[in-house]
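S.K.: Mind having a look at this structure? Questions to follow.
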Amino acid sequence: MTSPKKKNKKQTTVANGWVARIDALSFDTVAISILAILMALVSLTILLGEGAGVKVGVSLPEDGTVGPFENITFTFSEPFDPEITSDLISFDPVHEGYLEWVDTYTMRFVPIQPFEKDMTYKLTVSAGEVTINGREVKKAQTWDFTAREPSVAYLISENNQSSIWSVDLNGNAPKRLTDETVKVISFHVAPNGRFIIFTSVNEKGGIDLWRVSREGNDAAILLDCGFDRCTTPVIAPNNKLIAYSREAAGPTPDLPFGSPRIWIVNLESGADGPVYEDQQILGYAPSWSPDSNKLASFDGLADFINLIDFQTGEQFLFPTSTGAPVTWSPDSTKFLYTTFEQTEGGGRTQVKLADLSINETITFIGEKDAYDYSYYSIAWSPREDRAVLSMRASREQLTQVLWVFDPTLLDGIVIAGDPEYTYNSPQWDPWGSALLFQQFKLRGQYKPEIGLWQEGSNQSTVLIEGIMPQWLP
Amino acid sequence: MHNQTVVNRLPRNVIVWLAIGILALVASSMLPAGFFSWLWDRLNVFATVFLGIFVEAVPYLLLGTFASGLVEVFVDRDQMSRWVSRRPAAAAISGAFMGMIFPVCECGVVPLTRRLFKKGLPLSAGISFLLAAPVLNPIVVLSTASAFGWGEMLFWRFAVSLVIAVVVGLVFSVQKEAGEVLRPVLAGEEHDHVHAEPGDSIPEKIRKALLITVDEFFDMGRYLILGSMLAAGLQTFISQSSLLAIGSGPVLSVLIMLLLAILLSICSTVDSFVALGFVGTFSFGSVLSFLVFGPMVDIKSVMMYLQVFKRRAVMYIVAIPFMMSLLAGLVFNYFVK
């Protein structure tokens with residue numbers, strides 16, 4: 001049996017032996033040996049790495065749920081050829097969308113149609129070549145995901161405070177997304193449902209743009225507008241660009257703000273600037289086309305809707321004086337907007353249809369109305385064959401009802417028409433199968449409510465009290 | 001006969017210059033049109049790049065030489081031997097972290113290391129300090145964080161730099177005779193003109209530190225100018241865009257970024273912002289190897305290393321970090337990112 005002391009002594013001797021051996025080596029021998037080892041390791045790494053092939057990562061959340069219009073990003077471990085690589089990517093069931101090149105290593109899938117609810121999708125990146133010089137993904141990879149059930153974001157304004165809240169459609173308790181330290185004026189939910197942009201007054205009296213995630217409690221300033229007022233942010237369907245209305249501060253605090261102009265801030269690059277170089281073009285109520293290539297806004301001074309096509313650089317004007325935002329057809333070729341026209345019978349609101357594919361604008365609804373129906377809010381659903389319009393139901397009734405109709409047949413039903421209430425600001429869910437809207441009871445205590453209508457039902461329901469409802473996909 | 005007399009009367013060097021002038025005129029007439037405007041453009045680029053590198057580096061060289069002066073007058077050999085372990089591994093690790101106390105970039109670290117060697121800093125500690133200090137210091141931590149955020153790039157830049165510095169430090173610990181790798185000025189064969197005496201007052205010590213700073217600044221400054229000129233020359237005539245164009249693939253991209261790191265000779269305090277521009281075009285591993293290797297080795301720092309170390313040692317100081325940065329870049333490209 002060896003005593004611990006003897007064992008330690010033996011170990012020390014062994015260790016000293018190694019040290020002595022290393023000490024005996026010359027500096028050059030050690031340095032050159034290290035270089036040789038490094039060279040061998042580099043060769044081995046290249047050998048193993050080449051054998052492993054190109055790796056692919058996908059931006060899917062761990063819980064496997066995505067927003068209905070979630071962009072799915074593919075990151076390759078090596079530069080890839082987008083044309084060759086796109087053949088390797090498939091969805092089961094097949095889903096309509098396009099692949100967009102982001103940079104040397106990254107590509108993303110942008111869905112044109114929303115991922116279906118209650119459907120499990122299988123995303124596959126097949127084995128095969130991804131570069132022209134033959135580098136390949138060695139082994140096929142698959143990921144499963146489902147589209148999450150959308151919630152609703154809305155504003156609660158009380159005691160001189162206003163905050164954004166969210167609530168699901170399953171009756172769970174609402175969740176506060178912004179705390180009492182920021183007073184929210186308005187907000188817009190990103191089409192992918194990942195974040196919300198909102199506006200809040202700053203210490204200088206200007207209005208800043210803020211950003212908060214769908215989970216909330218992480219609000220941070222996105223754009224410090226200083227003394228200027230940045231309002232009505234609208235996020236493009238590509239989730240990268242935000243159009244907003246900017247009013248420049250006066251030269252001194254007692255002078256009024258300048259007229260609103262449309263600006264765009266790019267969330268990826270941080271670039272921020274006016275849409276139109278011409279300072280004479282004013283604008284608010286921006287509205288993006290579903291393909292994110294066109295932007296409409298209202299010029300209140302000239303009484304025009306300005307439309308700009310970012311792909312061609314073309315600009316168009318559409319006369320109107322109502323100032324309401326336009327609503328786009330799902331294919332981005334047409335939009336509806338309201339106007340106020342003087343007819344033989346007197347002043348009438350009308351709904352116009354602008355068809356950009358044939359450069360034609362027609363009066364769509366209200367050309368020969370016997371009285372003014374006060375067409376107000378209008379929303380084209382993601383389904384081509386459905387839209388909703390808020391309007392007076394009859395000559396006697398001053399309140400607004402919501403009429404869901406087929407734009408090709410102009411045939412529809414009133415889905416919210418209680419004469420005690422007035423309804424407006426309808427918003428379609430990503431599938432065009434449910435509507436959120438604002439409703440107010442005309443008599444009694446002021447109590448703004450959020451209404452909900454779902455396909456297959458003739459009746460709407462009250463979801464919760466609050467204002468400015470928007471889907472949180 | 002008469003002509004012969006005239007030729008004899010002209011001095012020989014005038015004849016040579018005349019011949020050169022005539023040859024130059026003949027050669028210039030044979031050059032393609034636009035050559036001189038091209039050359040002028042190149043010279044402008046050269047001057048701009050040279051000034052860019054030099055002006056960026058000079059303050060840090062001044063900071064490093066000032067730190068060197070302070071070390072000379074305020075630190076003695078006994079203190080140094082108390083502070084730094086003589087055991088190779090401990091000395092290499094402590095040397096790597098000394099950058100946290102001396103925030104110098106690769107231009108300033110050379111004179112400071114030279115001074116620390118004179119004060120008896122072990123070779124392993126000095127080498128790991130030389131390689132790690134340009135990265136492992138508070139200024140570079142903040143600049144890297146502001147470019148890449150407090151995330152993976154920052155962590156791996158420091159981790160990989162630390163490992164490389166310690167490994168090279170350990171390799172040099174095998175060399176027991178410092179004189180075998182250091183140039184004679186450090187091996188005690190040459191001496192400074194200014195020395196601190198034990199009885200010197202603080203103002204006197206500071207005066208001496210400043211004198212040493214000036215001496216050393218002009219001494220190392222020559223090599224900084226030479227290194228900056230070389231880097232500017234290479235940048236002028238080797239197109240960065242053509243290098244970047246061939247830099248795809250997991251191996252080539254790392255090699256190109258390592259070459260760029262040598263070529264660009266950017267100070268470690270600002271190189272993160274340059275590297276940020278390569279994100280998206282180059283892989284994580286390639287950008288990481290640029291950020292790790294650049295502060296350790298570039299043209300101007302090699303010129304300065306040659307004033308401190310013998311050529312053989314400089315070769316190892318360049319080659320081992322190069323191979324280790326390459327290995328790190330490849331591992332990230334193939335297996336991590």
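Residues are referred to by chain and number: the chain letter is A, B, ... according to the order shown in the structure tokens, the number counts from 1 in that chain, and ligands are numbered separately from 1 in the order shown.
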Enumerate as a PyMOL selection string the residues belonging to chain A that approach chain B to within 6 Å, with only C-alpha atoms taken into account.
M.R.: chain A and resi 27+42+49+78+103-104
S.K.: From a DSSP pass on the backbone, collect the residues of stretch 84-116 of chain B flagged as alpha helix (DSSP H) and hand them back as a list in words.
M.R.: Pro88, Ala89, Ala90, Ala91, Ala92, Ile93, Ser94, Gly95, Ala96, Phe97, Glu106, Cys107, Gly108, Val109, Val110, Pro111, Leu112, Thr113, Arg114, Arg115 and Leu116 of chain B
S.K.: Based on the selection just made, write N, CA and C atoms of those residues as a tab-separated table (two decimals), in the first residue's frame.
M.R.:
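out-v5.tsv was written with the following content:
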chain	number	residue	atom	x	y	z
B	88	PRO	N	5.31	30.27	-15.41
B	88	PRO	CA	4.97	30.66	-16.80
B	88	PRO	C	3.48	30.87	-17.04
B	89	ALA	N	2.64	29.91	-16.60
B	89	ALA	CA	1.21	30.01	-16.89
B	89	ALA	C	0.61	31.24	-16.20
B	90	ALA	N	0.93	31.39	-14.91
B	90	ALA	CA	0.39	32.52	-14.15
B	90	ALA	C	0.88	33.83	-14.73
B	91	ALA	N	2.16	33.87	-15.12
B	91	ALA	CA	2.72	35.10	-15.69
B	91	ALA	C	2.03	35.43	-17.01
B	92	ALA	N	1.78	34.40	-17.83
B	92	ALA	CA	1.13	34.65	-19.14
B	92	ALA	C	-0.29	35.17	-18.94
B	93	ILE	N	-1.03	34.57	-18.00
B	93	ILE	CA	-2.42	35.01	-17.78
B	93	ILE	C	-2.44	36.42	-17.19
B	94	SER	N	-1.58	36.66	-16.18
B	94	SER	CA	-1.59	38.00	-15.58
B	94	SER	C	-1.14	39.04	-16.61
B	95	GLY	N	-0.19	38.68	-17.46
B	95	GLY	CA	0.26	39.60	-18.51
B	95	GLY	C	-0.88	39.96	-19.45
B	96	ALA	N	-1.71	38.96	-19.78
B	96	ALA	CA	-2.82	39.22	-20.70
B	96	ALA	C	-3.82	40.21	-20.10
B	97	PHE	N	-4.00	40.15	-18.79
B	97	PHE	CA	-4.98	41.04	-18.15
B	97	PHE	C	-4.40	42.41	-17.78
B	106	GLU	N	-2.38	48.83	-30.23
B	106	GLU	CA	-1.19	48.10	-30.67
B	106	GLU	C	0.02	49.00	-30.92
B	107	CYS	N	-0.21	50.31	-31.12
B	107	CYS	CA	0.93	51.19	-31.34
B	107	CYS	C	1.60	51.55	-30.01
B	108	GLY	N	0.76	51.77	-29.00
B	108	GLY	CA	1.30	52.18	-27.71
B	108	GLY	C	1.85	51.03	-26.91
B	109	VAL	N	1.38	49.83	-27.19
B	109	VAL	CA	1.76	48.69	-26.35
B	109	VAL	C	3.22	48.30	-26.57
B	110	VAL	N	3.76	48.58	-27.75
B	110	VAL	CA	5.14	48.13	-28.04
B	110	VAL	C	6.16	48.86	-27.16
B	111	PRO	N	6.16	50.21	-27.15
B	111	PRO	CA	7.14	50.86	-26.27
B	111	PRO	C	6.93	50.52	-24.79
B	112	LEU	N	5.66	50.36	-24.41
B	112	LEU	CA	5.39	50.05	-23.00
B	112	LEU	C	5.93	48.66	-22.65
B	113	THR	N	5.73	47.70	-23.55
B	113	THR	CA	6.23	46.35	-23.29
B	113	THR	C	7.75	46.36	-23.22
B	114	ARG	N	8.34	47.12	-24.13
B	114	ARG	CA	9.81	47.22	-24.14
B	114	ARG	C	10.31	47.72	-22.78
B	115	ARG	N	9.60	48.73	-22.27
B	115	ARG	CA	10.00	49.29	-20.97
B	115	ARG	C	9.79	48.26	-19.86
B	116	LEU	N	8.68	47.55	-19.92
B	116	LEU	CA	8.39	46.56	-18.88
B	116	LEU	C	9.43	45.43	-18.91
S.K.: Contacts of A:Arg229 at 10 Å or less, counting only C-alpha atoms, minus same-chain residues fewer than 4 places along, as a PyMOL selection string?
M.R.: chain A and resi 199-202+205-209+224-225+244-249+257-258+260
S.K.: Where in stretch 212-456 of chain A does DSSP assign strand (DSSP E), given as number ranges by chain?
M.R.: A: 212-213, 220-223, 229-235, 241-247, 260-266, 272-274, 284-288, 294-299, 304-309, 315-319, 327-328, 334-343, 346-355, 360-365, 378-380, 387-392, 400-406, 411-416, 421-428, 434-441, 449-454
S.K.: Got a sec: who's within 12 Å of stretch 454-458 of chain A, counting only C-alpha atoms, leaving out chain neighbours fewer than 3 positions off, as a list in words?
M.R.: Leu169, Arg386, Leu402, Trp403, Val404, Gly412, Ile413, Val414, Ile415, Ala416, Gly417, Gln427, Trp428, Asp429, Trp431, Gly432, Ser433, Ala434, Leu435, Leu436, Phe437, Gly451, Thr461, Val462 and Leu463 of chain A
S.K.: Residues within 12 Å of A:Glu96, please, as number ranges by chain. Count only C-alpha atoms; anything in the same chain fewer than 5 positions from it doesn't count.
M.R.: A: 69, 90-91, 109-116
S.K.: Restricting it to C-alpha atoms, dump the selection as a PDB file, in the first residue's frame.
M.R.:
ATOM      1  CA  PHE A  69     -47.782  36.846 -41.701  1.00  0.00           C
ATOM      2  CA  SER A  90     -40.693  23.700 -49.307  1.00  0.00           C
ATOM      3  CA  PHE A  91     -43.784  23.928 -47.102  1.00  0.00           C
ATOM      4  CA  PHE A 109     -39.708  33.637 -46.848  1.00  0.00           C
ATOM      5  CA  VAL A 110     -42.412  36.304 -46.977  1.00  0.00           C
ATOM      6  CA  PRO A 111     -45.932  34.827 -46.933  1.00  0.00           C
ATOM      7  CA  ILE A 112     -48.436  36.467 -49.272  1.00  0.00           C
ATOM      8  CA  GLN A 113     -51.369  34.686 -47.659  1.00  0.00           C
ATOM      9  CA  PRO A 114     -51.600  34.205 -43.888  1.00  0.00           C
ATOM     10  CA  PHE A 115     -50.653  30.825 -42.455  1.00  0.00           C
ATOM     11  CA  GLU A 116     -53.900  29.011 -41.680  1.00  0.00           C
TER      12      GLU A 116
END
S.K.: Atom CA of A:Gln342 and atom CA of A:Ala324 are how many Å apart?
M.R.: 18.1 Å
S.K.: Which is closest to A:Leu60 among A:Asp291, A:Asp218, A:Asp144, A:Glu277, if we use only C-alpha atoms?
M.R.: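 Closest to A:Leu60 of all the choices is A:Asp144.
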S.K.: Counting only C-alpha atoms, what is within 10 Å of stretch 225-230 of chain B, bar same-chain residues fewer than 5 positions away, as a list in words?
M.R.: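 Near neighbours after the sequence-gap exclusion: Phe46, Ala47, Val49, Phe50, Leu51, Gly52, Ile53, Phe54, Val55, Ala57, Val58, Met220, Gln235, Thr236, Leu263, Leu264, Ser265, Asp298, Ile299, Lys300, Ser301, Val302, Met303 and Met304 of chain B.
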S.K.: Please produce a file of the residues just selected, as an mmCIF file, in the first residue's frame, where the atoms kept are C-alpha atoms.
M.R.:
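So selection_18.cif came out as:
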data_model
loop_
_atom_site.group_PDB
_atom_site.id
_atom_site.type_symbol
_atom_site.label_atom_id
_atom_site.label_comp_id
_atom_site.auth_asym_id
_atom_site.auth_seq_id
_atom_site.Cartn_x
_atom_site.Cartn_y
_atom_site.Cartn_z
ATOM 1 C CA PHE B 46 -1.571 57.056 -50.760
ATOM 2 C CA ALA B 47 -1.226 60.370 -48.926
ATOM 3 C CA VAL B 49 -4.463 56.604 -46.414
ATOM 4 C CA PHE B 50 -1.052 57.233 -44.894
ATOM 5 C CA LEU B 51 -2.294 60.276 -42.986
ATOM 6 C CA GLY B 52 -5.398 58.337 -41.920
ATOM 7 C CA ILE B 53 -3.350 55.511 -40.410
ATOM 8 C CA PHE B 54 -0.646 57.722 -38.970
ATOM 9 C CA VAL B 55 -2.886 60.372 -37.410
ATOM 10 C CA ALA B 57 -2.111 55.883 -34.374
ATOM 11 C CA VAL B 58 0.024 58.792 -33.145
ATOM 12 C CA MET B 220 9.311 54.319 -32.163
ATOM 13 C CA GLN B 235 -3.753 49.709 -49.689
ATOM 14 C CA THR B 236 -3.169 52.048 -52.613
ATOM 15 C CA LEU B 263 -3.263 45.465 -44.652
ATOM 16 C CA LEU B 264 -5.664 47.976 -43.132
ATOM 17 C CA SER B 265 -3.587 48.464 -39.949
ATOM 18 C CA ASP B 298 -0.445 44.494 -38.709
ATOM 19 C CA ILE B 299 2.172 46.132 -40.864
ATOM 20 C CA LYS B 300 2.985 49.010 -38.545
ATOM 21 C CA SER B 301 3.067 46.870 -35.419
ATOM 22 C CA VAL B 302 5.396 44.359 -37.105
ATOM 23 C CA MET B 303 7.755 47.222 -37.938
ATOM 24 C CA MET B 304 7.750 48.163 -34.262
#
